[in-house]
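Q: Below is the file target26.txt, which contains compact mmCIF, C-alpha atoms.
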# COMPACT_ATOMS: atom_id res chain seq x y z
CA MET J 14 0.00 0.00 0.00
CA PRO J 15 1.52 3.40 -0.96
CA LEU J 16 2.37 5.79 1.85
CA PRO J 17 0.50 9.11 2.20
CA PRO J 18 2.47 12.06 0.84
CA ALA J 19 4.99 13.64 3.18
CA VAL J 20 4.65 17.29 4.17
CA GLN J 21 7.78 19.05 5.38
CA ARG J 22 7.77 22.34 7.32
CA PRO J 23 10.99 24.17 8.25
CA LEU J 24 11.65 25.40 11.76
CA ARG J 25 12.49 29.02 12.45
CA SER J 26 16.17 29.90 12.26
CA LEU J 27 18.31 29.03 15.27
CA ALA J 28 19.64 32.57 15.17
CA TYR J 29 16.37 33.71 16.76
CA VAL J 30 16.12 31.02 19.40
CA GLY J 31 17.52 31.51 22.87
CA GLY J 32 17.67 29.22 25.88
CA VAL J 33 13.97 28.75 26.53
CA ALA J 34 12.21 26.15 28.68
CA GLY J 35 14.15 22.89 29.28
CA GLY J 36 17.42 24.29 30.56
CA LEU J 37 19.97 21.72 29.31
CA ASP J 38 22.02 22.14 32.46
CA VAL J 39 25.60 20.85 32.43
CA GLU J 40 25.88 18.36 35.30
CA TRP J 41 29.60 17.60 34.87
CA ARG J 42 32.48 17.61 32.39
CA ARG J 43 35.43 15.23 32.02
CA ASP J 44 38.59 15.70 29.98
CA LEU J 45 39.16 12.62 27.81
CA HIS J 46 42.65 13.75 26.70
CA MET J 47 41.82 12.51 23.20
CA SER J 48 39.15 12.86 20.53
CA PRO J 49 36.78 9.91 21.06
CA THR J 50 34.96 7.88 18.43
CA SER J 51 31.19 7.56 18.39
CA HIS J 52 31.65 3.92 19.58
CA GLY J 53 33.90 4.81 22.51
CA ILE J 54 31.14 6.02 24.88
CA LYS J 55 28.47 3.56 26.10
CA TRP J 56 25.65 3.76 28.66
CA VAL J 57 23.77 0.51 29.31
CA ASP J 58 21.51 -0.20 32.30
CA GLY J 59 23.15 2.40 34.52
CA ALA J 60 26.75 1.61 33.54
CA LEU J 61 28.65 4.42 31.76
CA LEU J 62 31.96 3.48 30.10
CA ALA J 63 34.32 5.69 28.11
CA SER J 64 37.66 5.26 26.37
CA GLU J 65 40.19 7.98 27.19
CA ARG J 66 43.91 8.93 27.19
CA THR J 67 44.54 6.60 24.18
CA ASN J 68 45.12 3.59 26.46
CA ARG J 69 42.41 3.50 29.09
CA VAL J 70 38.77 2.53 29.64
CA VAL J 71 37.00 4.07 32.61
CA ARG J 72 33.69 3.38 34.26
CA LEU J 73 32.16 6.64 35.45
CA ASP J 74 29.50 7.51 37.99
CA PRO J 75 26.67 8.59 35.64
CA LEU J 76 25.46 11.29 38.05
CA ALA J 77 28.78 12.79 39.15
CA GLY J 78 31.26 11.87 36.41
CA GLU J 79 33.77 10.52 38.93
CA PRO J 80 35.67 7.34 37.99
CA ILE J 81 34.50 4.09 39.61
CA TRP J 82 37.46 2.23 38.10
CA GLU J 83 40.09 2.59 35.38
CA ALA J 84 41.55 -0.18 33.24
CA SER J 85 44.54 -0.09 30.90
CA VAL J 86 43.92 -1.21 27.31
CA ASP J 87 46.24 -1.44 24.33
CA GLY J 88 45.46 1.25 21.78
CA PRO J 89 43.10 4.21 21.25
CA TRP J 90 39.97 4.84 19.17
CA GLY J 91 38.50 1.40 19.60
CA SER J 92 34.93 0.12 19.92
CA LEU J 93 33.06 -0.61 23.15
CA ALA J 94 30.19 -2.97 23.92
CA VAL J 95 28.52 -3.23 27.34
CA GLY J 96 26.18 -5.89 28.67
CA ASN J 97 25.69 -8.90 30.95
CA GLY J 98 28.10 -7.64 33.58
CA VAL J 99 31.05 -6.84 31.31
CA GLY J 100 32.46 -4.28 28.92
CA VAL J 101 34.37 -5.43 25.83
CA TYR J 102 36.85 -3.07 24.16
CA VAL J 103 38.35 -3.81 20.72
CA ASN J 104 41.30 -1.68 19.65
CA GLN J 105 42.27 -0.82 16.06
CA ARG J 106 44.72 -3.71 15.92
CA GLY J 107 42.09 -6.31 16.76
CA GLN J 108 42.79 -6.99 20.43
CA ALA J 109 39.66 -7.52 22.53
CA THR J 110 39.79 -6.90 26.29
CA CYS J 111 36.83 -8.08 28.38
CA LEU J 112 36.44 -6.12 31.63
CA GLU J 113 34.28 -6.90 34.66
CA LEU J 114 31.75 -4.08 35.10
CA ALA J 115 31.84 -4.30 38.88
CA SER J 116 35.61 -3.95 39.30
CA GLY J 117 37.31 -3.28 35.95
CA ALA J 118 39.28 -6.51 36.32
CA VAL J 119 40.31 -8.17 33.06
CA ARG J 120 38.26 -11.31 32.43
CA TRP J 121 40.03 -12.30 29.19
CA VAL J 122 42.02 -10.92 26.26
CA ALA J 123 41.83 -12.30 22.71
CA SER J 124 42.95 -11.51 19.20
CA VAL J 125 39.84 -10.81 17.09
CA PRO J 126 38.90 -9.04 13.84
CA ARG J 127 38.96 -5.29 14.38
CA GLY J 128 35.86 -3.17 13.89
CA TYR J 129 32.53 -4.39 15.19
CA VAL J 130 31.76 -5.82 18.63
CA ALA J 131 28.29 -6.80 19.88
CA ILE J 132 27.30 -8.58 23.10
CA VAL J 133 24.33 -10.86 22.43
CA GLY J 134 23.18 -12.98 25.35
CA SER J 135 26.08 -15.14 26.57
CA ALA J 136 28.11 -14.58 23.38
CA VAL J 137 30.06 -11.71 21.86
CA LEU J 138 30.25 -11.19 18.09
CA PHE J 139 33.17 -9.87 16.06
CA GLY J 140 34.07 -9.55 12.37
CA GLY J 141 32.33 -8.56 9.18
CA TRP J 142 33.69 -5.01 9.00
CA ARG J 143 34.34 -4.09 5.34
CA GLY J 144 34.32 -7.82 4.57
CA TYR J 145 37.91 -8.14 5.82
CA SER J 146 37.02 -11.13 8.00
CA PRO J 147 33.96 -13.35 8.48
CA LEU J 148 31.48 -12.89 11.31
CA SER J 149 32.37 -14.98 14.37
CA GLY J 150 31.22 -15.57 17.93
CA ARG J 151 33.02 -16.15 21.24
CA ASP J 152 31.83 -17.22 24.66
CA LEU J 153 31.33 -14.11 26.77
CA ALA J 154 32.46 -15.80 30.00
CA SER J 155 35.72 -17.30 28.73
CA GLY J 156 36.50 -15.61 25.41
CA GLU J 157 36.83 -19.04 23.75
CA PRO J 158 35.76 -19.28 20.08
CA LEU J 159 32.27 -20.67 19.44
CA TRP J 160 31.87 -20.42 15.67
CA SER J 161 32.95 -18.56 12.56
CA ARG J 162 31.35 -18.13 9.18
CA SER J 163 33.20 -19.51 6.19
CA ARG J 164 35.28 -17.27 3.94
CA SER J 165 32.64 -17.71 1.22
CA GLU J 166 30.24 -15.77 3.50
CA ASN J 167 32.76 -12.99 4.04
CA ASP J 168 30.32 -10.15 3.24
CA ALA J 169 30.80 -6.53 4.26
CA LEU J 170 28.35 -6.64 7.16
CA LEU J 171 26.86 -3.67 8.98
CA TRP J 172 27.13 -3.38 12.77
CA PRO J 173 25.05 -6.26 14.29
CA LEU J 174 22.08 -5.34 16.49
CA PRO J 175 21.58 -7.38 19.69
CA THR J 176 17.95 -8.37 20.34
CA ALA J 177 16.20 -10.69 22.78
CA GLU J 178 15.97 -13.34 20.04
CA GLY J 179 19.53 -13.05 18.68
CA ALA J 180 21.62 -10.73 16.50
CA LEU J 181 20.20 -8.91 13.48
CA VAL J 182 22.68 -8.63 10.62
CA THR J 183 22.63 -7.39 7.05
CA ALA J 184 25.35 -6.74 4.52
CA ARG J 185 26.23 -3.58 2.63
CA GLY J 186 24.14 -3.45 -0.54
CA SER J 187 22.06 -6.52 0.45
CA VAL J 188 18.26 -6.72 0.50
CA GLU J 189 18.26 -9.55 3.06
CA MET J 190 18.24 -9.24 6.85
CA GLN J 191 19.07 -12.24 9.04
CA LEU J 192 18.47 -13.19 12.66
CA ILE J 193 21.56 -15.03 13.97
CA GLU J 194 21.61 -17.41 16.94
CA PRO J 195 24.59 -15.96 18.88
CA ARG J 196 26.12 -19.18 20.25
CA SER J 197 25.99 -21.20 17.03
CA GLY J 198 25.90 -18.61 14.25
CA ALA J 199 22.89 -20.39 12.72
CA VAL J 200 20.47 -18.27 10.71
CA GLN J 201 17.13 -18.48 12.52
CA GLN J 202 15.09 -16.23 10.25
CA ARG J 203 15.42 -14.17 7.06
CA TRP J 204 13.55 -11.14 5.77
CA THR J 205 13.58 -9.48 2.35
CA LEU J 206 14.08 -5.70 2.42
CA PRO J 207 12.64 -3.28 -0.17
CA ASP J 208 16.07 -1.59 -0.33
CA PRO J 209 19.47 -2.08 1.32
CA VAL J 210 20.24 -0.48 4.69
CA PRO J 211 22.74 2.35 4.00
CA SER J 212 25.75 2.86 6.24
CA GLY J 213 28.94 4.82 6.54
CA ASP J 214 32.10 3.22 7.85
CA LEU J 215 31.57 1.77 11.37
CA ASP J 216 28.13 3.41 11.75
CA GLU J 217 25.65 1.75 14.11
CA VAL J 218 22.66 2.03 11.77
CA LEU J 219 20.35 -0.57 13.35
CA SER J 220 18.65 0.50 16.58
CA LYS J 221 15.59 -0.34 18.69
CA THR J 222 12.46 1.49 19.78
CA MET J 223 11.41 1.64 23.43
CA ASP J 224 9.28 -1.43 22.72
CA GLY J 225 12.33 -3.31 21.48
CA LEU J 226 11.36 -3.23 17.81
CA PRO J 227 14.28 -2.87 15.37
CA ILE J 228 14.24 0.37 13.38
CA PHE J 229 16.55 1.34 10.52
CA ARG J 230 16.92 3.33 7.34
CA LEU J 231 16.16 1.91 3.91
CA GLY J 232 17.71 3.31 0.75
CA GLU J 233 18.42 7.03 0.59
CA ALA J 234 15.25 8.29 2.25
CA GLY J 235 13.20 5.47 3.83
CA VAL J 236 12.73 4.40 7.46
CA ALA J 237 11.45 0.93 8.35
CA MET J 238 10.66 -1.16 11.43
CA LEU J 239 10.85 -4.92 11.84
CA LEU J 240 7.46 -5.96 13.20
CA PRO J 241 6.22 -9.48 14.04
CA SER J 242 4.38 -9.36 10.71
CA GLY J 243 7.53 -8.41 8.79
CA VAL J 244 9.35 -5.31 7.52
CA GLU J 245 7.16 -2.20 7.39
CA VAL J 246 8.21 1.12 5.86
CA VAL J 247 6.96 3.81 8.26
CA TRP J 248 8.29 6.93 6.53
CA GLN J 249 9.61 8.03 3.16
CA HIS J 250 11.46 11.33 3.45
CA PRO J 251 11.35 13.87 0.59
CA THR J 252 15.16 14.27 0.67
CA ALA J 253 18.15 12.06 1.43
CA LEU J 254 18.68 11.13 5.09
CA SER J 255 21.94 11.03 7.02
CA HIS J 256 23.43 7.76 8.28
CA ALA J 257 22.37 8.45 11.89
CA SER J 258 19.98 5.90 13.41
CA PRO J 259 16.32 7.01 13.69
CA ALA J 260 14.32 6.82 16.92
CA VAL J 261 10.61 6.57 17.74
CA HIS J 262 8.83 7.89 20.82
CA ASP J 263 5.14 8.59 21.41
CA ARG J 264 4.16 8.30 17.71
CA HIS J 265 6.91 10.68 16.65
CA LEU J 266 9.86 9.71 14.50
CA TRP J 267 13.16 11.47 15.17
CA LEU J 268 15.79 11.37 12.43
CA SER J 269 18.16 13.63 10.53
CA ASP J 270 18.68 14.53 6.90
CA THR J 271 21.79 16.05 5.40
CA SER J 272 20.91 19.51 6.77
CA GLY J 273 19.97 18.65 10.35
CA PRO J 274 17.37 17.09 12.72
CA VAL J 275 13.85 16.20 11.58
CA VAL J 276 10.76 15.31 13.65
CA VAL J 277 7.93 13.41 11.97
CA ASP J 278 4.39 13.14 13.32
CA LEU J 279 3.46 9.63 12.22
CA GLY J 280 -0.23 10.39 12.77
CA THR J 281 -0.55 13.47 10.58
CA ARG J 282 2.34 12.50 8.23
CA THR J 283 3.96 15.93 8.61
CA SER J 284 7.60 16.72 9.38
CA HIS J 285 9.60 19.66 10.67
CA ALA J 286 13.25 20.24 9.76
CA CYS J 287 15.90 22.06 11.81
CA PRO J 288 19.01 23.03 9.79
CA LEU J 289 22.27 22.73 11.72
CA GLN J 290 25.69 23.78 10.51
CA GLU J 291 27.69 20.76 9.28
CA GLY J 292 24.86 18.33 10.09
CA VAL J 293 24.13 16.05 13.04
CA ALA J 294 26.45 13.84 15.11
CA PRO J 295 25.33 10.23 15.72
CA GLY J 296 22.67 9.69 18.38
CA VAL J 297 19.36 11.16 19.51
CA VAL J 298 18.02 11.26 23.08
CA CYS J 299 14.24 11.38 23.50
CA ASP J 300 12.34 12.55 26.56
CA SER J 301 8.69 13.24 27.31
CA SER J 302 8.95 16.76 25.89
CA GLY J 303 10.91 16.07 22.69
CA ALA J 304 14.42 15.04 21.67
CA LEU J 305 18.02 16.22 21.92
CA PHE J 306 20.33 16.37 18.90
CA ALA J 307 23.98 17.39 18.69
CA GLY J 308 25.25 19.36 15.72
CA ARG J 309 28.76 18.47 14.59
CA ALA J 310 29.80 22.12 14.74
CA GLY J 311 29.22 22.26 18.51
CA VAL J 312 25.56 23.16 19.06
CA VAL J 313 23.00 20.99 20.88
CA VAL J 314 19.29 21.59 20.38
CA HIS J 315 16.19 20.27 22.10
CA ILE J 316 13.18 20.02 19.79
CA SER J 317 9.56 19.52 20.85
CA PRO J 318 7.19 17.12 19.04
CA ASP J 319 5.44 20.06 17.36
CA GLY J 320 8.71 21.23 15.82
CA ALA J 321 9.67 24.08 18.17
CA VAL J 322 13.27 24.50 19.33
CA THR J 323 12.77 24.61 23.09
CA ASP J 324 16.44 24.99 24.00
CA ARG J 325 19.88 25.24 22.48
CA LYS J 326 23.39 25.37 23.88
CA VAL J 327 26.55 26.41 22.07
CA LEU J 328 29.56 24.31 23.05
CA SER J 329 33.23 25.14 22.71
CA ARG J 330 34.20 21.92 20.89
CA ARG J 331 32.96 19.84 17.98
CA SER J 332 30.43 17.09 18.76
CA VAL J 333 31.24 13.43 18.07
CA ALA J 334 28.14 11.65 19.42
CA VAL J 335 25.31 11.90 21.96
CA VAL J 336 24.24 8.97 24.16
CA GLY J 337 21.10 8.72 26.28
CA GLY J 338 21.27 7.75 29.95
CA GLY J 339 18.77 7.30 32.77
CA ASP J 340 17.42 9.93 35.14
CA GLY J 341 16.93 12.50 32.36
CA LEU J 342 20.63 12.64 31.45
CA ALA J 343 22.43 12.73 28.11
CA TYR J 344 26.16 12.21 27.55
CA LEU J 345 27.77 14.28 24.84
CA ALA J 346 31.12 13.16 23.44
CA LEU J 347 33.08 16.15 22.16
CA LYS J 348 36.53 16.51 20.70
CA GLY J 349 38.60 15.82 23.84
CA GLU J 350 35.77 16.00 26.38
CA LEU J 351 32.71 14.21 27.77
CA ILE J 352 29.82 16.37 29.00
CA CYS J 353 26.75 15.27 30.95
CA LEU J 354 23.61 17.32 30.23
CA ARG J 355 20.39 17.20 32.22
CA LEU J 356 17.23 17.34 30.13
CA GLY J 357 13.98 18.91 31.27
CA SER J 358 12.36 15.49 31.73
CA PRO J 359 13.48 11.83 32.00
CA SER J 360 15.09 10.40 28.87
CA ALA J 361 13.03 7.86 26.97
CA CYS J 362 15.00 6.61 23.95
When written as structure tokens, how does the structure in this file appear?
A:
Amino acid sequence: MPLPPAVQRPLRSLAYVGGVAGGLDVEWRRDLHMSPTSHGIKWVDGALLASERTNRVVRLDPLAGEPIWEASVDGPWGSLAVGNGVGVYVNQRGQATCLELASGAVRWVASVPRGYVAIVGSAVLFGGWRGYSPLSGRDLASGEPLWSRSRSENDALLWPLPTAEGALVTARGSVEMQLIEPRSGAVQQRWTLPDPVPSGDLDEVLSKTMDGLPIFRLGEAGVAMLLPSGVEVVWQHPTALSHASPAVHDRHLWLSDTSGPVVVDLGTRTSHACPLQEGVAPGVVCDSSGALFAGRAGVVVHISPDGAVTDRKVLSRRSVAVVGGGDGLAYLALKGELICLRLGSPSAC
């Protein structure tokens, strides 16, 4: 069934918007002594981990920013995954270090394909980045290998998405999505996509709604969700979208195109665009009154569901990513710094 036509309405210029409502108070700041990657800051179930100083992973108190523990790792600008009581850091040379969340103690170290890392149940997945190595799984408790795909399946995969049922994977340029059993690598289910899921290098382009439903981009301008009934296209944007993952909260779709953030009312099929200089950094943090976006040039904006800019804050450094936390907090990774912002209401996505 064809979608209703999209209607796009621009927001007023940011030049005329001051700090209204909300507040976006800075709770704390921490010097990272390096420019982080968008995969080097993770908040999962109350645990906040960050890579810093080119050779360290720290667990921070989410409310105060003080270190709970610090652990030495080999190499900067790696990828972090957090879950099931551990954090796993993979450096650019392909060394994985599994750290206990409670203490920072090293559980195991292993040589793995560099790039992606995803904790799925009692397994951790590596490989598939750029097609350099096949997707593989290791036991999360011991780090011992469980399985590996054959070289003939050495596709350029996108970053796997952990779900309650397994890991969702798709390859660059492919119109097939697969559900992988994490401990065996067996394909449990397949879906045909209308278009491939686009991705930049090392982008986390598959995400989940608050209800746990996978959501992702399709082609240049589509957004789809994976429902029990199958893949459903929920929005077709009039212009090309950025690679940032979309989010859904309270019947509103939050995404970004090449000019900046966009909010879509899925009921009325209307959208509002907010141009930001140099576009949007990865991540969006929803709350009950709207959503927070970070512009790459160093501006953060809070946008209400009706398309009004309710607050903005100009930062002194370029934005790398924004990550949602509990208790109405958002963590903004900047060039050389991590900032905690308090939203006007509890974060929701």
Q: With 12 Å as the threshold, what does the neighbourhood of (9.4, 11.7, 15.8) contain in terms of residues, counting only C-alpha atoms? Coordinates are those of the file; answer as a ChimeraX atom specification.
A: /J:222,236,247-248,259-269,274-286,297-305,316-320,362
Q: Any chance you can output those residues with C-alpha atoms as a compact mmCIF listing (two decimals), keeping the file's coordinate frame?
A:
# COMPACT_ATOMS: atom_id res chain seq x y z
CA THR J 222 12.46 1.49 19.78
CA VAL J 236 12.73 4.40 7.46
CA VAL J 247 6.96 3.81 8.26
CA TRP J 248 8.29 6.93 6.53
CA PRO J 259 16.32 7.01 13.69
CA ALA J 260 14.32 6.82 16.92
CA VAL J 261 10.61 6.57 17.74
CA HIS J 262 8.83 7.89 20.82
CA ASP J 263 5.14 8.59 21.41
CA ARG J 264 4.16 8.30 17.71
CA HIS J 265 6.91 10.68 16.65
CA LEU J 266 9.86 9.71 14.50
CA TRP J 267 13.16 11.47 15.17
CA LEU J 268 15.79 11.37 12.43
CA SER J 269 18.16 13.63 10.53
CA PRO J 274 17.37 17.09 12.72
CA VAL J 275 13.85 16.20 11.58
CA VAL J 276 10.76 15.31 13.65
CA VAL J 277 7.93 13.41 11.97
CA ASP J 278 4.39 13.14 13.32
CA LEU J 279 3.46 9.63 12.22
CA GLY J 280 -0.23 10.39 12.77
CA THR J 281 -0.55 13.47 10.58
CA ARG J 282 2.34 12.50 8.23
CA THR J 283 3.96 15.93 8.61
CA SER J 284 7.60 16.72 9.38
CA HIS J 285 9.60 19.66 10.67
CA ALA J 286 13.25 20.24 9.76
CA VAL J 297 19.36 11.16 19.51
CA VAL J 298 18.02 11.26 23.08
CA CYS J 299 14.24 11.38 23.50
CA ASP J 300 12.34 12.55 26.56
CA SER J 301 8.69 13.24 27.31
CA SER J 302 8.95 16.76 25.89
CA GLY J 303 10.91 16.07 22.69
CA ALA J 304 14.42 15.04 21.67
CA LEU J 305 18.02 16.22 21.92
CA ILE J 316 13.18 20.02 19.79
CA SER J 317 9.56 19.52 20.85
CA PRO J 318 7.19 17.12 19.04
CA ASP J 319 5.44 20.06 17.36
CA GLY J 320 8.71 21.23 15.82
CA CYS J 362 15.00 6.61 23.95
Q: Restricting the calculation to all atoms listed in the file, which member of J:Glu178, J:Val313, J:Arg230, J:Pro49 is positioned closest to J:Lys326?
A: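 Counting all atoms listed in the file, the residue closest to J:Lys326 is J:Val313.
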Q: Kindly provide the residues of stretch 33-138 of chain J that approach stretch 336-342 of chain J to within 12 Å, each paired with its closest atom pair and their distance in Å to one decimal, based on all atoms listed in the file, listed by chain and increasing number, as a Markdown table.
A:
| residue | atom | partner | partner_atom | distance |
| --- | --- | --- | --- | --- |
| J:Gly35 | CA | J:Gly341 | CA | 11.2 |
| J:Gly36 | CA | J:Gly341 | CA | 11.9 |
| J:Leu37 | CA | J:Leu342 | CA | 9.4 |
| J:Asp38 | CA | J:Leu342 | CA | 9.7 |
| J:Val39 | CA | J:Leu342 | CA | 9.6 |
| J:Glu40 | CA | J:Leu342 | CA | 8.7 |
| J:Trp41 | CA | J:Leu342 | CA | 10.8 |
| J:Ser51 | CA | J:Val336 | CA | 9.1 |
| J:His52 | CA | J:Val336 | CA | 10.1 |
| J:Gly53 | CA | J:Val336 | CA | 10.6 |
| J:Ile54 | CA | J:Val336 | CA | 7.5 |
| J:Lys55 | CA | J:Val336 | CA | 7.1 |
| J:Trp56 | CA | J:Gly338 | CA | 6.1 |
| J:Val57 | CA | J:Gly338 | CA | 7.7 |
| J:Asp58 | CA | J:Gly339 | CA | 8.0 |
| J:Gly59 | CA | J:Gly339 | CA | 6.8 |
| J:Ala60 | CA | J:Gly338 | CA | 9.0 |
| J:Leu61 | CA | J:Gly338 | CA | 8.3 |
| J:Leu62 | CA | J:Val336 | CA | 11.2 |
| J:Ala63 | CA | J:Val336 | CA | 11.3 |
| J:Asp74 | CA | J:Gly338 | CA | 11.5 |
| J:Pro75 | CA | J:Gly338 | CA | 7.9 |
| J:Leu76 | CA | J:Leu342 | CA | 8.3 |
| J:Ala77 | CA | J:Leu342 | CA | 11.2 |
| J:Gly78 | CA | J:Leu342 | CA | 11.8 |
Q: Would you export the selected residues with C-alpha atoms as an mmCIF file, in the coordinates of the input, please?
A:
data_model
loop_
_atom_site.group_PDB
_atom_site.id
_atom_site.type_symbol
_atom_site.label_atom_id
_atom_site.label_comp_id
_atom_site.auth_asym_id
_atom_site.auth_seq_id
_atom_site.Cartn_x
_atom_site.Cartn_y
_atom_site.Cartn_z
ATOM 1 C CA GLY J 35 14.150 22.890 29.280
ATOM 2 C CA GLY J 36 17.420 24.290 30.560
ATOM 3 C CA LEU J 37 19.970 21.720 29.310
ATOM 4 C CA ASP J 38 22.020 22.140 32.460
ATOM 5 C CA VAL J 39 25.600 20.850 32.430
ATOM 6 C CA GLU J 40 25.880 18.360 35.300
ATOM 7 C CA TRP J 41 29.600 17.600 34.870
ATOM 8 C CA SER J 51 31.190 7.560 18.390
ATOM 9 C CA HIS J 52 31.650 3.920 19.580
ATOM 10 C CA GLY J 53 33.900 4.810 22.510
ATOM 11 C CA ILE J 54 31.140 6.020 24.880
ATOM 12 C CA LYS J 55 28.470 3.560 26.100
ATOM 13 C CA TRP J 56 25.650 3.760 28.660
ATOM 14 C CA VAL J 57 23.770 0.510 29.310
ATOM 15 C CA ASP J 58 21.510 -0.200 32.300
ATOM 16 C CA GLY J 59 23.150 2.400 34.520
ATOM 17 C CA ALA J 60 26.750 1.610 33.540
ATOM 18 C CA LEU J 61 28.650 4.420 31.760
ATOM 19 C CA LEU J 62 31.960 3.480 30.100
ATOM 20 C CA ALA J 63 34.320 5.690 28.110
ATOM 21 C CA ASP J 74 29.500 7.510 37.990
ATOM 22 C CA PRO J 75 26.670 8.590 35.640
ATOM 23 C CA LEU J 76 25.460 11.290 38.050
ATOM 24 C CA ALA J 77 28.780 12.790 39.150
ATOM 25 C CA GLY J 78 31.260 11.870 36.410
#
Q: Let me make sure I understand: among J:Val137, J:Leu114, J:Ala177, J:Val188, which one has the smallest atom-to-atom distance to J:Gly225 if we use all atoms listed in the file?
A: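 Checking each candidate against J:Gly225, we get J:Ala177 as the closest.
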Q: Measure the distance from atom CA of J:Gly141 to atom CA of J:Leu170 in Å and round it to one decimal.
A: 4.9 Å
Q: Please list as a PyMOL selection string every residue within 8 Å of J:Val314, counting all atoms listed in the file and excluding residues in the same chain fewer than 6 positions away.
A: chain J and resi 305-308+322-326
Q: Could you please take those selected residues and save C-alpha atoms as a PDB file, in the coordinates of the input?
A:
ATOM      1  CA  LEU J 305      18.020  16.220  21.920  1.00  0.00           C
ATOM      2  CA  PHE J 306      20.330  16.370  18.900  1.00  0.00           C
ATOM      3  CA  ALA J 307      23.980  17.390  18.690  1.00  0.00           C
ATOM      4  CA  GLY J 308      25.250  19.360  15.720  1.00  0.00           C
ATOM      5  CA  VAL J 322      13.270  24.500  19.330  1.00  0.00           C
ATOM      6  CA  THR J 323      12.770  24.610  23.090  1.00  0.00           C
ATOM      7  CA  ASP J 324      16.440  24.990  24.000  1.00  0.00           C
ATOM      8  CA  ARG J 325      19.880  25.240  22.480  1.00  0.00           C
ATOM      9  CA  LYS J 326      23.390  25.370  23.880  1.00  0.00           C
TER      10      LYS J 326
END
Q: Step by step: start from the point (38.6, 12.1, 27.6) in the file's coordinates, keep every protein, DNA or RNA residue that has an atom no farther than 6 Å from it, count all atoms listed in the file, and write the set as a list of chain:residue names.
A: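 Those residues lying close to the given coordinates are J:Asp44, J:Leu45, J:His46, J:Met47, J:Glu65, J:Gly349, J:Glu350.
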Q: Measuring atom to atom with all atoms listed in the file, identify which of J:Gly96, J:Pro126, J:Gly273, J:Pro227 is nearest to J:Ala294.
A: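 Of J:Gly96, J:Pro126, J:Gly273, J:Pro227, the one nearest J:Ala294 is J:Gly273, counting all atoms listed in the file.
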Q: Excluding J:Arg151 and residues on its chain fewer than 4 positions from it, collect all residues at most 7 Å away from it, counting only C-alpha atoms, and give them as an mmCIF file with C-alpha atoms, in the coordinates of the input.
A:
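Output contents, as saved in out_7.cif:
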data_model
loop_
_atom_site.group_PDB
_atom_site.id
_atom_site.type_symbol
_atom_site.label_atom_id
_atom_site.label_comp_id
_atom_site.auth_asym_id
_atom_site.auth_seq_id
_atom_site.Cartn_x
_atom_site.Cartn_y
_atom_site.Cartn_z
ATOM 1 C CA ALA J 136 28.110 -14.580 23.380
ATOM 2 C CA VAL J 137 30.060 -11.710 21.860
ATOM 3 C CA LEU J 138 30.250 -11.190 18.090
ATOM 4 C CA GLY J 156 36.500 -15.610 25.410
ATOM 5 C CA GLU J 157 36.830 -19.040 23.750
ATOM 6 C CA PRO J 158 35.760 -19.280 20.080
ATOM 7 C CA LEU J 159 32.270 -20.670 19.440
#
Q: Restricting the calculation to all atoms listed in the file: of J:Ser258, J:Thr271, J:Gln108, J:Ser163, which residue gets closest to J:Val335?
A: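 Closest to J:Val335 of all the choices is J:Ser258.
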Q: Contacts of J:Gly128 at 9 Å or less, counting all atoms listed in the file, minus same-chain residues fewer than 4 places along, as a PyMOL selection string?
A: chain J and resi 91-92+103-105+107+139-143+172+215
Q: Calculate how many Å separate atom CA of J:Gly179 from atom CA of J:Ser161, rounding to one decimal.
A: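 Here the two named atoms are 15.7 Å from each other.
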Q: Measure the distance from atom CA of J:Gly243 to atom CA of J:Met190 in Å and round it to one decimal.
A: 10.9 Å
Q: Restricting the calculation to all atoms listed in the file, which member of J:Pro147, J:Leu93, J:Ile132, J:Ser48 is positioned closest to J:Ala184?
A: J:Pro147
Q: Take every atom of stretch 324-333 of chain J listed in the file, fit an axis-aligned box around them, add 8 Å per side, and give the centre and edge lengths in Å to one decimal as JSON.
A:
{"center_x": 25.3, "center_y": 19.9, "center_z": 21.0, "size_x": 33.8, "size_y": 29.0, "size_z": 22.0}
Q: Residues within 10 Å of J:Leu231, please, as a VMD selection string. Count all atoms listed in the file; anything in the same chain fewer than 6 positions from it doesn't count.
A: chain J and resid 188 206 to 212 237 to 238 246 248 to 249 254
Q: Take the residues from that selection and put them in a file with C-alpha atoms, as a short mmCIF file (atom, residue, chain, number, x, y, z; two decimals), in the frame of the given file.
A:
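out_6.cif, written as the output of this step:
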data_model
loop_
_atom_site.label_atom_id
_atom_site.label_comp_id
_atom_site.auth_asym_id
_atom_site.auth_seq_id
_atom_site.Cartn_x
_atom_site.Cartn_y
_atom_site.Cartn_z
CA VAL J 188 18.26 -6.72 0.50
CA LEU J 206 14.08 -5.70 2.42
CA PRO J 207 12.64 -3.28 -0.17
CA ASP J 208 16.07 -1.59 -0.33
CA PRO J 209 19.47 -2.08 1.32
CA VAL J 210 20.24 -0.48 4.69
CA PRO J 211 22.74 2.35 4.00
CA SER J 212 25.75 2.86 6.24
CA ALA J 237 11.45 0.93 8.35
CA MET J 238 10.66 -1.16 11.43
CA VAL J 246 8.21 1.12 5.86
CA TRP J 248 8.29 6.93 6.53
CA GLN J 249 9.61 8.03 3.16
CA LEU J 254 18.68 11.13 5.09
#
Q: Contacts of J:Gln191 at 9 Å or less, counting only C-alpha atoms, minus same-chain residues fewer than 6 places along, as a ChimeraX atom specification?
A: /J:180-183,200-204
Q: With all atoms listed in the file as the basis for distance, which of J:Gly357, J:Gly144, J:Pro241, J:Gly292 is at the shortest distance from J:Leu171?
A: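 The shortest atom-to-atom distance to J:Leu171 comes from J:Gly144.
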